[in-house]
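Undergrad: Input structure: protein_7.cif, which contains mmCIF, C-alpha atoms and all ligand atoms.
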```
data_protein
loop_
_atom_site.label_atom_id
_atom_site.label_comp_id
_atom_site.auth_asym_id
_atom_site.auth_seq_id
_atom_site.Cartn_x
_atom_site.Cartn_y
_atom_site.Cartn_z
CA MET A 1 78.81 -28.10 34.29
CA PRO A 2 76.31 -28.95 31.49
CA ALA A 3 74.92 -26.00 29.54
CA ASN A 4 71.23 -25.42 29.96
CA PRO A 5 68.73 -24.42 27.30
CA PRO A 6 67.27 -20.99 28.10
CA SER A 7 63.87 -22.55 28.73
CA PHE A 8 63.38 -26.07 30.00
CA ALA A 9 60.86 -28.24 31.78
CA LEU A 10 61.89 -30.60 34.56
CA THR A 11 59.71 -33.68 34.25
CA GLY A 12 59.05 -37.00 35.91
CA ALA A 13 59.60 -35.98 39.53
CA ILE A 14 57.41 -35.25 42.52
CA LEU A 15 57.61 -31.52 43.31
CA PHE A 16 57.84 -30.08 46.78
CA THR A 17 56.79 -26.47 46.29
CA GLY A 18 57.71 -25.33 49.79
CA GLU A 19 54.07 -25.71 50.73
CA ALA A 20 53.04 -29.17 49.49
CA PHE A 21 54.09 -32.20 47.46
CA VAL A 22 52.48 -32.27 44.01
CA GLU A 23 52.56 -35.04 41.43
CA ASN A 24 52.27 -35.20 37.64
CA GLN A 25 53.48 -31.63 37.23
CA ALA A 26 56.40 -30.29 35.23
CA LEU A 27 58.47 -27.37 36.48
CA LEU A 28 58.94 -24.69 33.81
CA VAL A 29 62.20 -22.74 34.07
CA GLN A 30 62.88 -19.65 31.97
CA GLY A 31 66.31 -18.09 32.37
CA ASP A 32 67.05 -17.86 36.08
CA THR A 33 63.41 -17.98 37.17
CA ILE A 34 60.65 -20.50 37.71
CA LEU A 35 57.95 -19.57 35.22
CA ASP A 36 55.25 -21.98 36.30
CA LEU A 37 54.12 -25.50 37.09
CA CYS A 38 52.03 -27.26 34.48
CA PRO A 39 50.55 -30.70 33.83
CA ALA A 40 53.29 -33.01 32.58
CA SER A 41 51.26 -33.66 29.44
CA LYS A 42 50.96 -29.95 28.58
CA ILE A 43 54.49 -28.59 28.41
CA PRO A 44 54.39 -25.46 26.21
CA ASP A 45 56.39 -25.20 22.98
CA GLY A 46 59.89 -23.88 23.46
CA PHE A 47 60.55 -25.68 26.73
CA GLU A 48 63.01 -28.50 26.36
CA PRO A 49 62.04 -31.47 28.54
CA VAL A 50 64.72 -32.50 31.03
CA ALA A 51 63.86 -35.82 32.69
CA VAL A 52 64.49 -36.25 36.40
CA ASP A 53 62.50 -39.45 36.62
CA HIS A 54 61.60 -41.06 39.94
CA GLY A 55 63.00 -38.23 42.03
CA ILE A 56 61.86 -35.30 44.13
CA LEU A 57 62.42 -31.67 43.19
CA THR A 58 62.70 -29.15 45.99
CA ALA A 59 63.93 -25.58 46.42
CA GLY A 60 67.68 -25.11 46.87
CA TYR A 61 68.87 -25.20 50.46
CA ILE A 62 69.78 -22.04 52.37
CA ASP A 63 72.45 -22.41 55.05
CA CYS A 64 72.77 -19.49 57.49
CA GLN A 65 75.87 -20.86 59.22
CA VAL A 66 78.80 -22.16 57.18
CA ASN A 67 82.25 -21.89 58.75
CA GLY A 68 83.93 -23.70 55.91
CA GLY A 69 83.83 -26.26 53.14
CA GLY A 70 86.04 -27.85 50.50
CA ASN A 71 88.91 -27.87 53.04
CA VAL A 72 88.69 -24.06 53.43
CA LEU A 73 87.84 -22.44 56.76
CA LEU A 74 86.74 -18.80 56.45
CA ASN A 75 88.68 -17.76 59.57
CA ASN A 76 91.87 -19.33 58.20
CA ASP A 77 91.42 -18.04 54.64
CA PRO A 78 89.37 -14.81 54.65
CA THR A 79 89.69 -14.17 50.92
CA ALA A 80 87.16 -14.01 48.08
CA GLU A 81 88.76 -17.13 46.57
CA GLY A 82 88.31 -18.97 49.86
CA VAL A 83 84.65 -17.98 50.08
CA LEU A 84 84.03 -19.13 46.50
CA LYS A 85 85.58 -22.53 47.26
CA ILE A 86 83.37 -22.88 50.35
CA ALA A 87 80.23 -22.01 48.37
CA ALA A 88 81.13 -24.42 45.55
CA ALA A 89 81.75 -27.28 47.98
CA HIS A 90 78.34 -26.84 49.62
CA ARG A 91 76.49 -26.35 46.35
CA LYS A 92 77.24 -29.95 45.28
CA THR A 93 74.80 -31.25 47.89
CA GLY A 94 72.08 -28.70 47.27
CA THR A 95 73.05 -25.55 49.18
CA THR A 96 72.31 -22.85 46.61
CA SER A 97 72.47 -19.96 49.09
CA LEU A 98 74.62 -19.52 52.17
CA LEU A 99 76.09 -17.16 54.73
CA PRO A 100 79.81 -17.87 55.13
CA THR A 101 80.43 -17.56 58.84
CA CYS A 102 83.38 -15.90 60.56
CA ILE A 103 83.68 -16.83 64.23
CA THR A 104 85.34 -14.91 67.07
CA ASP A 105 88.68 -13.54 65.90
CA GLY A 106 90.79 -10.37 65.92
CA PRO A 107 89.32 -7.16 64.41
CA ASP A 108 91.54 -7.36 61.32
CA LYS A 109 90.45 -10.94 60.57
CA ILE A 110 86.77 -10.12 60.92
CA LYS A 111 87.15 -7.06 58.69
CA ALA A 112 88.98 -9.18 56.09
CA ALA A 113 86.22 -11.80 56.19
CA ILE A 114 83.53 -9.13 55.70
CA GLU A 115 85.41 -7.74 52.69
CA ALA A 116 86.07 -11.20 51.28
CA VAL A 117 82.41 -12.19 51.46
CA ALA A 118 81.33 -8.90 49.84
CA ALA A 119 83.80 -9.47 46.99
CA ALA A 120 82.76 -13.10 46.55
CA ARG A 121 79.11 -12.07 46.36
CA GLN A 122 79.90 -10.11 43.19
CA ALA A 123 81.06 -13.34 41.53
CA ASP A 124 78.69 -15.90 43.05
CA PRO A 125 75.02 -15.21 43.81
CA SER A 126 75.04 -18.20 46.21
CA VAL A 127 76.75 -15.91 48.70
CA LEU A 128 73.85 -14.00 50.27
CA GLY A 129 76.01 -12.17 52.81
CA ILE A 130 77.93 -12.92 55.97
CA HIS A 131 77.30 -14.35 59.41
CA VAL A 132 79.68 -12.95 62.05
CA GLU A 133 79.44 -15.21 65.10
CA GLY A 134 81.15 -13.47 68.02
CA PRO A 135 83.40 -11.92 69.23
CA HIS A 136 80.93 -10.26 71.64
CA ILE A 137 80.01 -13.50 73.40
CA ASN A 138 80.24 -15.01 76.88
CA GLU A 139 83.59 -16.69 77.57
CA ALA A 140 81.87 -19.31 79.72
CA TYR A 141 79.94 -20.46 76.62
CA GLN A 142 82.67 -19.89 74.04
CA GLY A 143 82.87 -23.52 72.89
CA THR A 144 85.51 -23.67 70.18
CA HIS A 145 85.78 -19.87 69.91
CA ASN A 146 89.10 -18.40 71.05
CA ALA A 147 88.67 -16.60 74.38
CA ALA A 148 91.68 -14.40 73.59
CA PHE A 149 89.58 -12.58 71.00
CA VAL A 150 86.31 -12.28 72.97
CA ARG A 151 85.74 -8.57 73.62
CA PRO A 152 83.14 -5.87 74.24
CA MET A 153 81.56 -4.16 71.23
CA THR A 154 83.25 -0.85 70.44
CA ASP A 155 81.90 2.01 68.33
CA GLU A 156 84.37 0.89 65.64
CA ASP A 157 82.87 -2.62 65.66
CA LEU A 158 79.37 -1.17 65.50
CA ALA A 159 80.26 0.91 62.45
CA LEU A 160 81.74 -2.15 60.70
CA TYR A 161 78.59 -4.26 61.04
CA HIS A 162 76.16 -3.40 58.26
CA PRO A 163 74.92 -5.08 55.09
CA VAL A 164 76.13 -3.88 51.69
CA LYS A 165 73.25 -3.13 49.27
CA ASP A 166 70.83 -6.08 49.34
CA SER A 167 73.18 -8.47 51.13
CA VAL A 168 72.54 -10.05 54.51
CA PHE A 169 74.53 -9.29 57.67
CA LEU A 170 73.76 -11.71 60.48
CA LEU A 171 75.48 -11.13 63.82
CA THR A 172 75.48 -13.59 66.71
CA LEU A 173 76.11 -11.99 70.10
CA ALA A 174 75.52 -12.61 73.79
CA PRO A 175 72.84 -10.18 75.03
CA GLU A 176 74.65 -9.76 78.38
CA LYS A 177 77.78 -8.52 76.57
CA VAL A 178 76.18 -5.65 74.65
CA SER A 179 73.63 -2.98 75.52
CA PRO A 180 70.05 -2.89 74.21
CA ALA A 181 71.00 0.48 72.67
CA GLN A 182 73.75 -1.23 70.66
CA ILE A 183 71.31 -3.90 69.48
CA LYS A 184 68.86 -1.17 68.46
CA GLN A 185 71.61 0.58 66.50
CA LEU A 186 72.62 -2.67 64.75
CA VAL A 187 69.04 -3.36 63.76
CA ALA A 188 68.70 0.22 62.47
CA GLN A 189 71.78 -0.46 60.30
CA GLY A 190 70.05 -3.48 58.77
CA VAL A 191 71.83 -6.18 60.78
CA ILE A 192 69.91 -9.32 61.77
CA VAL A 193 70.80 -9.89 65.43
CA SER A 194 70.83 -13.45 66.76
CA MET A 195 71.59 -14.54 70.32
CA GLY A 196 74.11 -17.27 71.07
CA HIS A 197 77.15 -18.39 73.07
CA THR A 198 75.41 -16.77 76.03
CA ASN A 199 74.48 -17.08 79.68
CA ALA A 200 71.93 -14.26 79.50
CA THR A 201 69.19 -14.06 82.11
CA ALA A 202 65.57 -14.10 80.97
CA GLU A 203 65.44 -10.35 81.59
CA GLN A 204 68.47 -9.80 79.37
CA VAL A 205 66.99 -12.00 76.62
CA TYR A 206 63.68 -10.14 76.70
CA ALA A 207 65.52 -6.80 76.66
CA ALA A 208 67.46 -7.93 73.57
CA LEU A 209 64.26 -9.11 71.86
CA GLY A 210 62.65 -5.78 72.74
CA ALA A 211 65.62 -3.99 71.15
CA GLY A 212 65.18 -5.94 67.91
CA ALA A 213 67.12 -9.20 68.26
CA ARG A 214 65.19 -11.76 66.22
CA ALA A 215 66.82 -15.14 66.53
CA VAL A 216 68.79 -17.75 68.41
CA THR A 217 71.98 -19.33 67.07
CA HIS A 218 72.30 -23.15 67.15
CA LEU A 219 69.45 -23.73 69.59
CA PHE A 220 70.45 -25.95 72.58
CA ASN A 221 74.19 -25.62 71.88
CA ARG A 222 76.27 -23.15 73.91
CA MET A 223 73.41 -21.79 75.98
CA PRO A 224 72.19 -22.77 79.48
CA PRO A 225 69.60 -25.55 79.73
CA ILE A 226 65.98 -25.17 80.81
CA THR A 227 65.32 -25.76 84.52
CA SER A 228 62.08 -25.56 86.48
CA ARG A 229 62.15 -21.85 87.21
CA THR A 230 64.80 -20.73 84.75
CA PRO A 231 63.71 -20.82 81.13
CA SER A 232 67.06 -19.45 79.87
CA LEU A 233 67.46 -18.54 76.23
CA THR A 234 66.65 -22.13 75.26
CA GLY A 235 63.19 -22.08 76.85
CA ILE A 236 62.41 -18.55 75.70
CA ALA A 237 63.34 -19.45 72.10
CA LEU A 238 61.00 -22.45 72.19
CA ASP A 239 58.18 -20.44 73.75
CA CYS A 240 58.41 -17.13 71.90
CA VAL A 241 56.34 -17.22 68.71
CA ASP A 242 58.26 -14.32 67.16
CA CYS A 243 61.75 -15.72 67.78
CA TRP A 244 63.53 -17.57 64.98
CA ALA A 245 66.02 -20.33 65.76
CA GLY A 246 68.73 -22.16 63.85
CA LEU A 247 69.44 -25.76 64.82
CA ILE A 248 72.20 -28.20 63.88
CA ALA A 249 70.26 -31.26 62.74
CA ASP A 250 73.21 -33.56 62.05
CA ASP A 251 72.08 -36.09 64.71
CA VAL A 252 75.27 -35.36 66.66
CA HIS A 253 74.96 -31.86 68.10
CA VAL A 254 71.39 -32.09 69.46
CA ALA A 255 69.59 -35.15 70.86
CA GLN A 256 66.81 -36.45 68.64
CA GLU A 257 64.18 -35.91 71.34
CA LEU A 258 65.12 -32.24 71.59
CA VAL A 259 65.05 -31.73 67.83
CA ARG A 260 61.54 -33.20 67.67
CA LEU A 261 60.48 -31.17 70.72
CA ALA A 262 61.75 -27.97 69.07
CA VAL A 263 59.88 -28.70 65.85
CA ARG A 264 56.66 -29.22 67.78
CA ALA A 265 57.22 -26.17 69.98
CA LYS A 266 57.84 -23.91 66.99
CA GLN A 267 54.75 -25.37 65.28
CA GLY A 268 56.50 -25.90 61.98
CA ASP A 269 57.51 -22.29 61.75
CA LYS A 270 60.58 -20.13 62.54
CA LEU A 271 62.86 -23.12 63.18
CA PHE A 272 65.47 -23.73 60.48
CA MET A 273 68.36 -26.10 59.99
CA VAL A 274 71.98 -24.96 59.74
CA SER A 275 75.05 -27.03 59.04
CA ASP A 276 77.52 -25.01 61.20
CA SER A 277 80.02 -27.07 59.27
CA LEU A 278 83.80 -26.74 59.22
CA SER A 279 86.35 -26.87 56.41
CA PRO A 280 86.16 -30.60 55.53
CA ALA A 281 82.43 -30.28 54.70
CA GLY A 282 81.65 -31.06 51.09
CA ALA A 283 85.30 -31.88 50.34
CA ASP A 284 86.15 -34.82 48.08
CA ASP A 285 89.13 -35.58 50.36
CA PRO A 286 88.29 -34.18 53.84
CA GLN A 287 91.50 -33.03 55.53
CA PRO A 288 92.47 -32.36 59.17
CA PHE A 289 93.06 -28.68 59.92
CA ASP A 290 94.32 -26.31 62.60
CA TRP A 291 91.75 -24.28 64.45
CA ASN A 292 92.71 -21.87 67.19
CA GLY A 293 95.85 -23.89 67.76
CA ILE A 294 94.15 -27.27 68.03
CA LYS A 295 94.27 -30.01 65.43
CA VAL A 296 90.83 -31.05 64.18
CA PHE A 297 90.11 -34.29 62.36
CA PRO A 298 87.15 -35.14 60.13
CA ASN A 299 85.24 -38.37 60.43
CA GLU A 300 82.02 -39.59 58.80
CA LYS A 301 79.56 -37.64 60.95
CA VAL A 302 81.51 -34.93 62.78
CA CYS A 303 84.86 -33.23 63.38
CA VAL A 304 86.81 -34.24 66.51
CA ASN A 305 89.97 -33.12 68.31
CA GLU A 306 92.96 -35.31 69.15
CA GLN A 307 91.14 -36.69 72.19
CA GLY A 308 88.15 -37.66 70.04
CA VAL A 309 85.92 -34.94 71.53
CA ILE A 310 83.42 -33.27 69.17
CA ALA A 311 85.00 -30.11 67.72
CA GLY A 312 82.34 -29.15 65.18
CA ALA A 313 80.10 -30.26 62.34
CA ILE A 314 81.04 -31.75 59.00
CA LEU A 315 77.73 -32.55 57.28
CA THR A 316 76.45 -30.05 54.73
CA LEU A 317 72.82 -29.02 54.94
CA GLY A 318 72.09 -31.35 52.02
CA GLN A 319 73.60 -34.22 54.00
CA CYS A 320 71.64 -33.27 57.13
CA VAL A 321 68.32 -33.50 55.24
CA PRO A 322 68.29 -37.33 54.85
CA VAL A 323 69.63 -37.70 58.41
CA ALA A 324 66.80 -35.56 59.80
CA ILE A 325 64.19 -37.56 57.89
CA ARG A 326 65.60 -41.09 58.25
CA ASP A 327 67.30 -40.98 61.66
CA ILE A 328 65.58 -38.17 63.59
CA ARG A 329 62.25 -39.21 61.99
CA LEU A 330 61.00 -35.74 61.14
CA ASP A 331 58.29 -35.21 58.55
CA PRO A 332 59.94 -34.84 55.09
CA ALA A 333 57.95 -31.73 54.16
CA GLN A 334 58.93 -30.14 57.47
CA VAL A 335 62.62 -30.94 56.92
CA LEU A 336 62.62 -29.53 53.39
CA ARG A 337 60.94 -26.37 54.68
CA MET A 338 63.51 -26.10 57.50
CA ALA A 339 66.33 -26.37 54.94
CA SER A 340 64.97 -23.79 52.52
CA THR A 341 61.58 -22.10 52.90
CA ILE A 342 62.00 -21.08 56.54
CA PRO A 343 65.60 -19.77 56.34
CA ALA A 344 64.59 -17.81 53.21
CA ALA A 345 61.82 -16.12 55.19
CA PHE A 346 64.19 -15.53 58.13
CA LEU A 347 66.63 -13.70 55.85
CA GLY A 348 63.89 -11.58 54.28
CA LYS A 349 64.18 -13.48 50.97
CA GLY A 350 60.90 -15.35 51.27
CA ASP A 351 59.46 -13.85 48.09
CA SER A 352 62.35 -14.95 45.85
CA LEU A 353 63.99 -17.99 47.46
CA GLY A 354 62.86 -21.16 49.21
CA LYS A 355 59.91 -22.24 47.06
CA LEU A 356 59.30 -23.83 43.69
CA LEU A 357 56.55 -21.46 42.61
CA PRO A 358 56.13 -18.95 39.76
CA GLY A 359 58.46 -15.95 40.08
CA TYR A 360 60.94 -17.63 42.42
CA LYS A 361 64.60 -18.06 41.51
CA ALA A 362 65.28 -21.35 39.75
CA ASP A 363 67.37 -22.74 42.62
CA ILE A 364 66.44 -26.40 42.49
CA VAL A 365 67.65 -29.67 43.99
CA ALA A 366 66.76 -33.08 42.57
CA LEU A 367 66.66 -35.71 45.31
CA ASP A 368 66.54 -39.48 45.16
CA HIS A 369 63.98 -41.36 47.24
CA GLY A 370 66.39 -41.32 50.18
CA PHE A 371 66.36 -37.49 50.02
CA ASN A 372 70.00 -37.39 48.87
CA ALA A 373 70.85 -34.52 46.50
CA LYS A 374 71.61 -35.81 43.01
CA ARG A 375 71.38 -32.75 40.73
CA VAL A 376 71.48 -29.04 41.52
CA TRP A 377 70.47 -25.94 39.57
CA LYS A 378 71.48 -22.41 40.65
CA ASN A 379 69.64 -19.57 38.92
CA GLY A 380 68.46 -22.07 36.31
CA VAL A 381 71.94 -23.40 35.52
CA GLU A 382 72.80 -26.98 36.35
CA GLN A 383 75.91 -27.22 38.52
ZN ZN B 401 78.67 -21.34 67.64
#
```
In C-alpha cells, what does this structure look like?
Ligand SMILES: [Zn+2]
TA:
Amino acid sequence: MPANPPSFALTGAILFTGEAFVENQALLVQGDTILDLCPASKIPDGFEPVAVDHGILTAGYIDCQVNGGGNVLLNNDPTAEGVLKIAAAHRKTGTTSLLPTCITDGPDKIKAAIEAVAAARQADPSVLGIHVEGPHINEAYQGTHNAAFVRPMTDEDLALYHPVKDSVFLLTLAPEKVSPAQIKQLVAQGVIVSMGHTNATAEQVYAALGAGARAVTHLFNRMPPITSRTPSLTGIALDCVDCWAGLIADDVHVAQELVRLAVRAKQGDKLFMVSDSLSPAGADDPQPFDWNGIKVFPNEKVCVNEQGVIAGAILTLGQCVPVAIRDIRLDPAQVLRMASTIPAAFLGKGDSLGKLLPGYKADIVALDHGFNAKRVWKNGVEQ
C-alpha cells in the first residue's frame, strides 16, 4: 500500500460529489478528511498533486449486506481475523465501508459473529457494524438460510441485539415472527430493523413500520410478489416514501425491468444497492465452499449449487456498479448514489460518508470510464 503525503490533491478526474458531476476541479485531502474542491489550476501550497487522469472520482462504496469475501464466510469463520479478511477483499473494488452479515444460525454462532465484528471494528474503520439477517424469519421464505436454526425471538436474543458505541446494528426479521413491541424495543436499543425473508400480510408490515421498522432487505428476493389486491411487502416498499430498501443489482438476482421500476418508484431516494455476496467475492482465486451442508461453487456472475441453481451472489458492490450502468442501463449518477450516498444516509452516516464534499471522510474510489474501480483511498490512505 503506497504511503500518502499528509495533504494531497487528486487531479485530472471528473468528480462525482454525491450530488453532481463536476469537471476541472481538484479534490483536496488533508489527513483522513476531504478539505475542499478547488479549480485544478489553483491547488494551494502544501498539497502534493496526485494525478488520476481521465478517470472519475466518487465516494467509497457502502455495502450493508456482506456475507463473505476473500474466501471467508462470516458464518463459517466468526472471528475478528475473518472479518478483516472479508473487509480487505471488498475494499479492493471500492467498498470502503461495510456491514459483515451473519445469517440464520445457532445462538452461539450469532453471538460469536457479533463479538468478532465489534473486535474487527477496533482495527479497521471499514467495518461500520454488523448485519444480522435472521434467525427470526419465515421458514417458507428461508432461501439458503438453515431452517433448523429459525426460531422465535427470546428476551435473551433481544438483549443481545444492540449497537456498541457509534457502530451500526442492522437486523433483518420477518414481521409476522416477532411482535410490534419487540420491534419497538429493538429500535429503542438503537437497532435498525429491516424486513425480509417474510410472508407478512400488509397489516403486519404496516404494524412493523409503525413500531419503527425502517427498511426492506433485498427487495423482490424472498418476499411474496405483488398481485392485484395484495401489495405484499414488495409493493408496500415501492409505495412507501419513508421505507428504505436494499437491492441486489448484480443482474442475476432481480430482473432488469424490476430494478428500473424500483428506481423510478423510489424516485432516486431510499433505494440502495447491496452485494449480498458470499465468500468467493473479491477473492483472487474464488473457491467452492460448504454452506449449511451444501457445496457452493463460484462462477463469473453468481454462486451455484451442484445442480447449477443460484445459491447466492459473488459480485462485490464495486463490480455491481458497472453492471448496473452498462447492463441494467441505470443513470450513472443514480448508481453511484445507490452504492454510497444513499446507504450512508440509511445508516445515519450521511454527514460523514457517501459524498466528496468538504468535511467528509476521504473515502474515495477512482473509476475508469467503464466505472470499474482502479484505485481506492480509505480515510485518505491509498489501499
Ligand atoms: Zn437474505
Undergrad: Between A:Asp276, A:Asp166, A:Asp242, A:Glu300, which is the closest to A:His218 once you count all atoms listed in the file?
TA: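 Answer, going by the shortest atom-to-atom distance: A:Asp276.
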Undergrad: Kindly compile the residues surrounding ligand ZN 401 (chain B) within 8 Å, counting all atoms listed in the file, and format them as a list in words.
TA: Ile103, Glu133, Gln142, Gly143, Thr144, His145, Gly196, His197, Thr217, His218, Asn221, Arg222 and Asp276 of chain A
Undergrad: Counting only C-alpha atoms, give me one row per residue of stretch 35-141 of chain A with an atom at most 9 Å from an atom of stretch 146-157 of chain A, showing the shortest contact pair and its distance in Å to one decimal, sorted by chain then residue number, as a Markdown table.
TA:
```
| residue | atom | partner | partner_atom | distance |
| --- | --- | --- | --- | --- |
| A:Ile103 | CA | A:Asn146 | CA | 8.9 |
| A:Thr104 | CA | A:Phe149 | CA | 6.2 |
| A:Asp105 | CA | A:Phe149 | CA | 5.3 |
| A:Gly106 | CA | A:Phe149 | CA | 5.7 |
| A:Pro107 | CA | A:Asp157 | CA | 8.0 |
| A:Gly134 | CA | A:Val150 | CA | 7.2 |
| A:Pro135 | CA | A:Val150 | CA | 4.8 |
| A:His136 | CA | A:Arg151 | CA | 5.5 |
| A:Ile137 | CA | A:Val150 | CA | 6.4 |
| A:Asn138 | CA | A:Val150 | CA | 7.7 |
| A:Glu139 | CA | A:Ala147 | CA | 6.0 |
```
Undergrad: Rank nothing, just name the residue among A:Val381, A:Ile226, A:Ala366, A:Ile294 nearest to A:Ala59, using only C-alpha atoms.
TA: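 For A:Ala59, the nearest of the given residues is A:Ala366.
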Undergrad: Could you check the closest approach to A:Leu367 for each of A:Pro298, A:Gly18, A:Gly212, A:Gly318 and tell me which residue wins, using only C-alpha atoms?
TA: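 Smallest separation from A:Leu367 among the options: A:Gly318.
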Undergrad: Between A:Asp284, A:Gly246, A:Lys378, A:Ala311, which is the closest to A:Asp124 once you count all atoms listed in the file?
TA: A:Lys378
Undergrad: Excluding A:Ile56 and its own-chain neighbours fewer than 2 positions away, which residues fall within 7 Å of it when counting only C-alpha atoms? Please give them as number ranges by chain.
TA: A: 13-15, 58, 366-368
Undergrad: Please write the residues from the selection above to a file, keeping C-alpha atoms, as a PDB file, in the coordinates of the input.
TA:
```pdb
ATOM      1  CA  ALA A  13      59.600 -35.980  39.530  1.00  0.00           C
ATOM      2  CA  ILE A  14      57.410 -35.250  42.520  1.00  0.00           C
ATOM      3  CA  LEU A  15      57.610 -31.520  43.310  1.00  0.00           C
ATOM      4  CA  THR A  58      62.700 -29.150  45.990  1.00  0.00           C
ATOM      5  CA  ALA A 366      66.760 -33.080  42.570  1.00  0.00           C
ATOM      6  CA  LEU A 367      66.660 -35.710  45.310  1.00  0.00           C
ATOM      7  CA  ASP A 368      66.540 -39.480  45.160  1.00  0.00           C
TER       8      ASP A 368
END
```
Undergrad: If I take atom CA of A:Asp363 and atom CA of A:Asp32, how far is one from the other in Å, to one decimal?
TA: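 Distance reported for this atom pair: 8.2 Å.
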Undergrad: Excluding stretch 257-274 of chain A and residues on its chain fewer than 6 positions from it, collect all residues at most 6 Å away from it, counting only C-alpha atoms, and give them as a list in words.
TA: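 Non-adjacent residues within range: Asp63, Cys64, Gln65, Leu238, Trp244, Ala245, Gly246, Leu247, Ile248, Met338, Ala339, Ile342 and Pro343 of chain A.
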Undergrad: For each of A:Asp53, A:Gly12, A:Ala181, A:Ala112, take the minimum atom-to-atom distance to A:Ala40, counting all atoms listed in the file, then give the residue where this is smallest.
TA: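 Closest to A:Ala40, using all atoms listed in the file: A:Gly12.
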Undergrad: Under the rule that all atoms listed in the file are counted, which of A:Glu81, A:Asp327, A:Glu48, A:Asp290 is the nearest residue to A:Gln256?
TA: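 Looking at the shortest contact to A:Gln256, the residue is A:Asp327.
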Undergrad: Report, in Å with one decimal, the straight-line distance from atom CA of A:Cys320 to atom CA of A:Leu233.
TA: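 Value for the atom CA of A:Cys320-atom CA of A:Leu233 distance: 24.5 Å.
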Undergrad: Please compute the atom CA of A:Val132-atom CA of A:Leu209 distance, one decimal, in Å.
TA: 18.7 Å
